[in-house]
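Take a look at the structure below.
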Amino acid sequence: MNFRLMPDKDGGKPRKVPINPETGKNAMSNKPETWTDYQTVADAVEMYGFTGIGRMFVKEDGFVGVDIDHCYDPETGQFNEVAAAILAKQPTFAEFSPSGDGVHLWFKGEKPKGSSSRSVTMERITEIIPFIEGDMEVYPLVVSTLEKMKRLSDTAFQSLDLEPYKEEPEDIE
C-alpha cells in the first residue's frame, strides 16, 4: 500500500494515511483486499504523488516489524542509545520513518505468543526499564505509556490497533 502524510486536524504531527493505489481509497491494516503488490505501489509514488510505500506484516510471510519513534537526531546524524544498541546487535533492513526521527526495522521471525495481552505487554515494557533509566528522553515516555496502560481495561486494550508496535526482534545467532 502507499501512504500520504495528512495534516492533523488539531495541529499535531501529520498522520500517515494508508492508501490503495488501485482504488485511490484508504487501505486498511485488517483488510488484505485493500493491499496490492510492490511494483504497483512503487510506480504510484511518482505517478500519484504519494508520500511513500507501506508494508503490511502478516503471520504467513515470516517477518515482523519494529518501529522505534524519536530515536534519531537528523541534525547530528546520531541514534539514541536504545536504537543504537538494537541496530548494533540485530543488523537488519532499516528505514527512516516519515517523521525523519524514527526508524522502522524488519526481522525474520514471528510475533511472540501472548503479545496481545495487556498484562504481558506491560510486563515486557517493565523489563526494559533497568536498561533505559539513564535516558532522560526515552525513560519518561516508557513510564508514561505504562501509566496509561494501567488505566485501560483488558477489553479496551484488545480493541486498540497495536499491531505495528507489538513485534519484537528474533535473536540472531
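By convention here, the chains of the C-alpha cells are called A, B, ... in the order presented, each chain's residues are numbered starting at 1, and ligands are numbered starting at 1 in the order presented.
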Can you tell me, as a CSV table (one decimal) with all heavy atoms, in the first residue's frame, what residues are no more than 12 Å from A:Glu147 when counting only C-alpha atoms, ignoring any on the same chain fewer than 4 positions away?
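Saved result, result06.csv, follows:
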chain,number,residue,atom,x,y,z
A,122,MET,N,2.6,-5.0,29.3
A,122,MET,CA,3.1,-4.2,30.4
A,122,MET,C,4.4,-4.9,31.0
A,122,MET,O,5.3,-4.2,31.4
A,122,MET,CB,2.0,-3.9,31.4
A,122,MET,CG,0.9,-3.0,30.9
A,122,MET,SD,-0.4,-2.8,32.1
A,122,MET,CE,0.4,-2.0,33.4
A,125,ILE,N,7.3,-4.3,28.8
A,125,ILE,CA,7.8,-3.0,28.8
A,125,ILE,C,8.6,-2.7,30.1
A,125,ILE,O,9.6,-2.1,30.1
A,125,ILE,CB,6.6,-2.0,28.7
A,125,ILE,CG1,6.0,-2.0,27.3
A,125,ILE,CG2,7.1,-0.5,29.0
A,125,ILE,CD1,4.7,-1.3,27.1
A,126,THR,N,8.0,-3.2,31.2
A,126,THR,CA,8.7,-3.1,32.5
A,126,THR,C,10.1,-3.7,32.5
A,126,THR,O,11.0,-3.2,33.2
A,126,THR,CB,7.8,-3.7,33.6
A,126,THR,OG1,6.5,-3.1,33.6
A,126,THR,CG2,8.4,-3.5,35.0
A,140,PRO,N,11.0,8.7,30.4
A,140,PRO,CA,9.7,9.3,30.8
A,140,PRO,C,8.6,8.8,29.8
A,140,PRO,O,7.4,8.6,30.2
A,140,PRO,CB,9.9,10.8,30.6
A,140,PRO,CG,11.4,11.0,30.7
A,140,PRO,CD,12.0,9.7,30.2
A,141,LEU,N,8.9,8.5,28.5
A,141,LEU,CA,7.9,8.0,27.6
A,141,LEU,C,7.5,6.6,28.0
A,141,LEU,O,6.3,6.3,27.9
A,141,LEU,CB,8.5,8.0,26.2
A,141,LEU,CG,8.8,9.4,25.5
A,141,LEU,CD1,9.6,9.2,24.2
A,141,LEU,CD2,7.5,10.1,25.3
A,142,VAL,N,8.4,5.8,28.4
A,142,VAL,CA,8.1,4.4,28.8
A,142,VAL,C,7.2,4.4,30.0
A,142,VAL,O,6.2,3.8,30.1
A,142,VAL,CB,9.3,3.6,29.0
A,142,VAL,CG1,9.0,2.2,29.6
A,142,VAL,CG2,10.0,3.4,27.6
A,143,VAL,N,7.6,5.2,31.0
A,143,VAL,CA,6.8,5.3,32.3
A,143,VAL,C,5.4,5.8,32.0
A,143,VAL,O,4.4,5.3,32.5
A,143,VAL,CB,7.6,6.1,33.3
A,143,VAL,CG1,6.7,6.4,34.5
A,143,VAL,CG2,8.9,5.4,33.7
A,151,ARG,N,-4.5,2.2,33.2
A,151,ARG,CA,-5.9,2.8,33.3
A,151,ARG,C,-6.8,2.1,32.2
A,151,ARG,O,-8.0,2.3,32.3
A,151,ARG,CB,-5.9,4.3,33.0
A,151,ARG,CG,-5.2,5.0,34.2
A,151,ARG,CD,-5.4,6.5,34.1
A,151,ARG,NE,-4.8,7.1,32.9
A,151,ARG,CZ,-3.7,7.8,32.9
A,151,ARG,NH1,-2.9,7.9,34.0
A,151,ARG,NH2,-3.2,8.3,31.8
A,152,LEU,N,-6.3,1.4,31.3
A,152,LEU,CA,-7.1,0.7,30.3
A,152,LEU,C,-7.6,-0.6,30.8
A,152,LEU,O,-6.9,-1.3,31.5
A,152,LEU,CB,-6.3,0.4,29.1
A,152,LEU,CG,-5.9,1.5,28.1
A,152,LEU,CD1,-5.0,0.9,27.0
A,152,LEU,CD2,-7.2,2.1,27.5
Hey, what does DSSP flag as strand (DSSP E or B) within stretch 23-152 of chain A? Can you give it to me as a PDB file with C-alpha atoms, in the first residue's frame?
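Heads up, here's the output in part05.pdb:
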ATOM      1  CA  ASN A  26      -7.919   4.214   2.142  1.00  0.00           C
ATOM      2  CA  MET A  28      -6.882  -0.945   5.966  1.00  0.00           C
ATOM      3  CA  LYS A  31      -8.377  -5.953   5.131  1.00  0.00           C
ATOM      4  CA  GLY A  52       5.797   6.685   0.380  1.00  0.00           C
ATOM      5  CA  ILE A  53       5.334   2.935   0.486  1.00  0.00           C
ATOM      6  CA  PHE A  63       8.509 -11.134   9.012  1.00  0.00           C
ATOM      7  CA  VAL A  64       7.882  -8.771  11.905  1.00  0.00           C
ATOM      8  CA  GLY A  65       8.386  -5.035  12.108  1.00  0.00           C
ATOM      9  CA  VAL A  66       9.692  -2.855  14.903  1.00  0.00           C
ATOM     10  CA  ASP A  67       9.001   0.877  14.963  1.00  0.00           C
ATOM     11  CA  ILE A  68      11.300   2.955  17.174  1.00  0.00           C
ATOM     12  CA  TYR A  72      17.336   9.648  15.645  1.00  0.00           C
ATOM     13  CA  ASP A  73      18.621  13.216  15.579  1.00  0.00           C
ATOM     14  CA  GLN A  78      23.089  10.016  15.657  1.00  0.00           C
ATOM     15  CA  PHE A  79      20.724   7.394  17.080  1.00  0.00           C
ATOM     16  CA  PHE A  93      16.752  -3.884   6.935  1.00  0.00           C
ATOM     17  CA  ALA A  94      16.059  -0.430   8.358  1.00  0.00           C
ATOM     18  CA  GLU A  95      14.359   2.674   7.005  1.00  0.00           C
ATOM     19  CA  PHE A  96      13.660   6.079   8.451  1.00  0.00           C
ATOM     20  CA  VAL A 103      13.297   4.096  12.315  1.00  0.00           C
ATOM     21  CA  HIS A 104      11.442   1.000  11.094  1.00  0.00           C
ATOM     22  CA  LEU A 105      13.225  -2.372  11.340  1.00  0.00           C
ATOM     23  CA  TRP A 106      12.261  -5.643   9.637  1.00  0.00           C
ATOM     24  CA  PHE A 107      13.145  -9.014  11.123  1.00  0.00           C
ATOM     25  CA  LYS A 108      12.648 -12.604  10.071  1.00  0.00           C
TER      26      LYS A 108
END
Could you give me, as a CSV table (one decimal) with all heavy atoms, in the first residue's frame, the residues within 10 Å of A:Thr34, counting only C-alpha atoms and dropping anything in the same chain fewer than 3 positions from it?
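After the write, part-v2.csv holds the following:
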chain,number,residue,atom,x,y,z
A,1,MET,N,0.8,-1.2,0.0
A,1,MET,CA,0.0,0.0,0.0
A,1,MET,C,0.9,1.2,0.0
A,1,MET,O,2.0,1.2,0.4
A,1,MET,CB,-0.9,0.0,1.2
A,1,MET,CG,-0.3,0.2,2.5
A,1,MET,SD,-1.3,0.2,3.9
A,1,MET,CE,-1.9,-1.4,3.9
A,18,PRO,N,-2.8,5.2,5.1
A,18,PRO,CA,-2.6,4.2,4.1
A,18,PRO,C,-3.6,4.3,2.9
A,18,PRO,O,-4.8,4.5,3.2
A,18,PRO,CB,-2.7,2.9,4.9
A,18,PRO,CG,-3.6,3.2,6.0
A,18,PRO,CD,-3.4,4.7,6.3
A,19,ILE,N,-3.1,4.2,1.7
A,19,ILE,CA,-4.0,4.3,0.5
A,19,ILE,C,-3.7,3.1,-0.4
A,19,ILE,O,-2.5,2.8,-0.7
A,19,ILE,CB,-3.7,5.6,-0.2
A,19,ILE,CG1,-4.0,6.8,0.8
A,19,ILE,CG2,-4.6,5.7,-1.5
A,19,ILE,CD1,-3.7,8.1,0.3
A,20,ASN,N,-4.8,2.6,-1.0
A,20,ASN,CA,-4.7,1.6,-2.1
A,20,ASN,C,-4.5,2.3,-3.4
A,20,ASN,O,-5.5,3.0,-3.8
A,20,ASN,CB,-5.9,0.7,-2.0
A,20,ASN,CG,-5.9,-0.3,-3.1
A,20,ASN,OD1,-5.2,-0.2,-4.1
A,20,ASN,ND2,-6.7,-1.4,-2.9
A,21,PRO,N,-3.4,2.2,-4.1
A,21,PRO,CA,-3.2,3.0,-5.3
A,21,PRO,C,-4.1,2.5,-6.5
A,21,PRO,O,-4.3,3.3,-7.4
A,21,PRO,CB,-1.7,2.8,-5.7
A,21,PRO,CG,-1.4,1.5,-5.0
A,21,PRO,CD,-2.2,1.4,-3.8
A,22,GLU,N,-4.7,1.3,-6.4
A,22,GLU,CA,-5.5,0.8,-7.4
A,22,GLU,C,-6.9,1.5,-7.3
A,22,GLU,O,-7.6,1.6,-8.3
A,22,GLU,CB,-5.6,-0.7,-7.3
A,22,GLU,CG,-4.3,-1.4,-7.7
A,22,GLU,CD,-4.4,-2.9,-7.5
A,22,GLU,OE1,-5.2,-3.4,-6.7
A,22,GLU,OE2,-3.6,-3.5,-8.2
A,23,THR,N,-7.3,1.8,-6.1
A,23,THR,CA,-8.7,2.4,-6.0
A,23,THR,C,-8.7,3.9,-5.6
A,23,THR,O,-9.7,4.6,-5.7
A,23,THR,CB,-9.5,1.7,-4.9
A,23,THR,OG1,-8.8,1.9,-3.6
A,23,THR,CG2,-9.6,0.2,-5.2
A,25,LYS,N,-8.7,4.8,-2.6
A,25,LYS,CA,-9.3,4.8,-1.3
A,25,LYS,C,-8.4,4.4,-0.2
A,25,LYS,O,-7.3,3.8,-0.5
A,25,LYS,CB,-10.6,3.9,-1.3
A,25,LYS,CG,-11.6,4.4,-2.3
A,25,LYS,CD,-12.8,3.5,-2.3
A,25,LYS,CE,-13.8,4.1,-3.3
A,25,LYS,NZ,-15.0,3.2,-3.4
A,26,ASN,N,-8.8,4.6,1.0
A,26,ASN,CA,-7.9,4.2,2.1
A,26,ASN,C,-7.7,2.7,2.2
A,26,ASN,O,-8.7,2.0,2.0
A,26,ASN,CB,-8.5,4.7,3.5
A,26,ASN,CG,-8.4,6.2,3.7
A,26,ASN,OD1,-7.8,6.9,2.8
A,26,ASN,ND2,-9.0,6.7,4.7
A,27,ALA,N,-6.5,2.3,2.5
A,27,ALA,CA,-6.2,0.9,2.7
A,27,ALA,C,-6.4,0.6,4.2
A,27,ALA,O,-6.4,1.6,5.0
A,27,ALA,CB,-4.8,0.5,2.3
A,28,MET,N,-6.6,-0.6,4.6
A,28,MET,CA,-6.9,-0.9,6.0
A,28,MET,C,-6.0,-2.1,6.4
A,28,MET,O,-5.9,-3.1,5.7
A,28,MET,CB,-8.4,-1.3,6.2
A,28,MET,CG,-9.3,-0.1,5.8
A,28,MET,SD,-11.0,-0.5,5.8
A,28,MET,CE,-11.3,-0.6,7.6
A,29,SER,N,-5.4,-2.0,7.6
A,29,SER,CA,-4.5,-3.0,8.1
A,29,SER,C,-5.1,-4.4,8.3
A,29,SER,O,-4.5,-5.4,8.2
A,29,SER,CB,-3.8,-2.5,9.4
A,29,SER,OG,-4.8,-2.4,10.4
A,30,ASN,N,-6.4,-4.4,8.5
A,30,ASN,CA,-7.1,-5.7,8.7
A,30,ASN,C,-7.9,-6.1,7.5
A,30,ASN,O,-8.7,-7.1,7.6
A,30,ASN,CB,-8.1,-5.5,9.9
A,30,ASN,CG,-9.1,-4.5,9.8
A,30,ASN,OD1,-9.1,-3.6,8.8
A,30,ASN,ND2,-10.1,-4.5,10.6
A,31,LYS,N,-7.7,-5.5,6.4
A,31,LYS,CA,-8.4,-6.0,5.1
A,31,LYS,C,-7.4,-6.1,4.0
A,31,LYS,O,-7.1,-5.2,3.2
A,31,LYS,CB,-9.5,-4.9,4.8
A,31,LYS,CG,-10.5,-4.9,5.8
A,31,LYS,CD,-11.8,-4.2,5.3
A,31,LYS,CE,-12.8,-4.2,6.5
A,31,LYS,NZ,-14.1,-3.9,6.1
Record the distance separating atom CA of A:Gly109 and atom CA of A:Lys59, expressed in Å with one decimal.
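For atom CA of A:Gly109 relative to atom CA of A:Lys59, the distance reads 9.0 Å.
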Skip stretch 8-13 of chain A itself and residues of its chain fewer than 4 positions away, then list as a PDB file with N, CA, C and O atoms, in the first residue's frame all residues within 12 Å of it, counting only C-alpha atoms.
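Dumped to part-v5.pdb:
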ATOM      1  N   VAL A  17      -1.583   8.177   6.379  1.00  0.00           N
ATOM      2  CA  VAL A  17      -2.830   7.574   5.918  1.00  0.00           C
ATOM      3  C   VAL A  17      -2.522   6.542   4.832  1.00  0.00           C
ATOM      4  O   VAL A  17      -2.003   6.894   3.764  1.00  0.00           O
ATOM      5  N   PRO A  98       8.579   8.374   8.302  1.00  0.00           N
ATOM      6  CA  PRO A  98       8.279   9.632   7.615  1.00  0.00           C
ATOM      7  C   PRO A  98       8.631  10.879   8.424  1.00  0.00           C
ATOM      8  O   PRO A  98       8.948  11.914   7.854  1.00  0.00           O
ATOM      9  N   SER A  99       8.618  10.773   9.755  1.00  0.00           N
ATOM     10  CA  SER A  99       8.955  11.931  10.593  1.00  0.00           C
ATOM     11  C   SER A  99      10.420  12.318  10.454  1.00  0.00           C
ATOM     12  O   SER A  99      10.798  13.451  10.736  1.00  0.00           O
TER      13      SER A  99
END
Interatomic distance (Å, one decimal) between atom CA of A:Gly77 and atom CA of A:Pro14
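Rounded to one decimal, the two atoms are 22.4 Å apart.
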With only C-alpha atoms as the basis for distance, which of A:Asp69, A:Glu46, A:Thr36, A:Glu133 is at the shortest distance from A:Ala83?
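Checking each of A:Asp69, A:Glu46, A:Thr36, A:Glu133 against A:Ala83, counting only C-alpha atoms, the winner is A:Asp69.
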Just how far from atom CA of A:Glu127 is atom CA of A:Lys150, in Å to one decimal?
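Computed distance, atom CA of A:Lys150 to atom CA of A:Glu127, equals 15.7 Å.
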Excluding A:Val138 and residues on its chain fewer than 6 positions from it, collect all residues at most 9 Å away from it, counting only C-alpha atoms, and give them as a compact mmCIF listing (two decimals) with C-alpha atoms, in the first residue's frame.
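Final output, saved to around_11.txt:
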# COMPACT_ATOMS: atom_id res chain seq x y z
CA HIS A 70 12.05 9.62 18.26
CA CYS A 71 15.36 7.74 18.30
CA ASN A 80 19.92 7.39 20.79
CA VAL A 82 18.46 2.28 22.75
CA ILE A 132 16.78 2.93 29.97
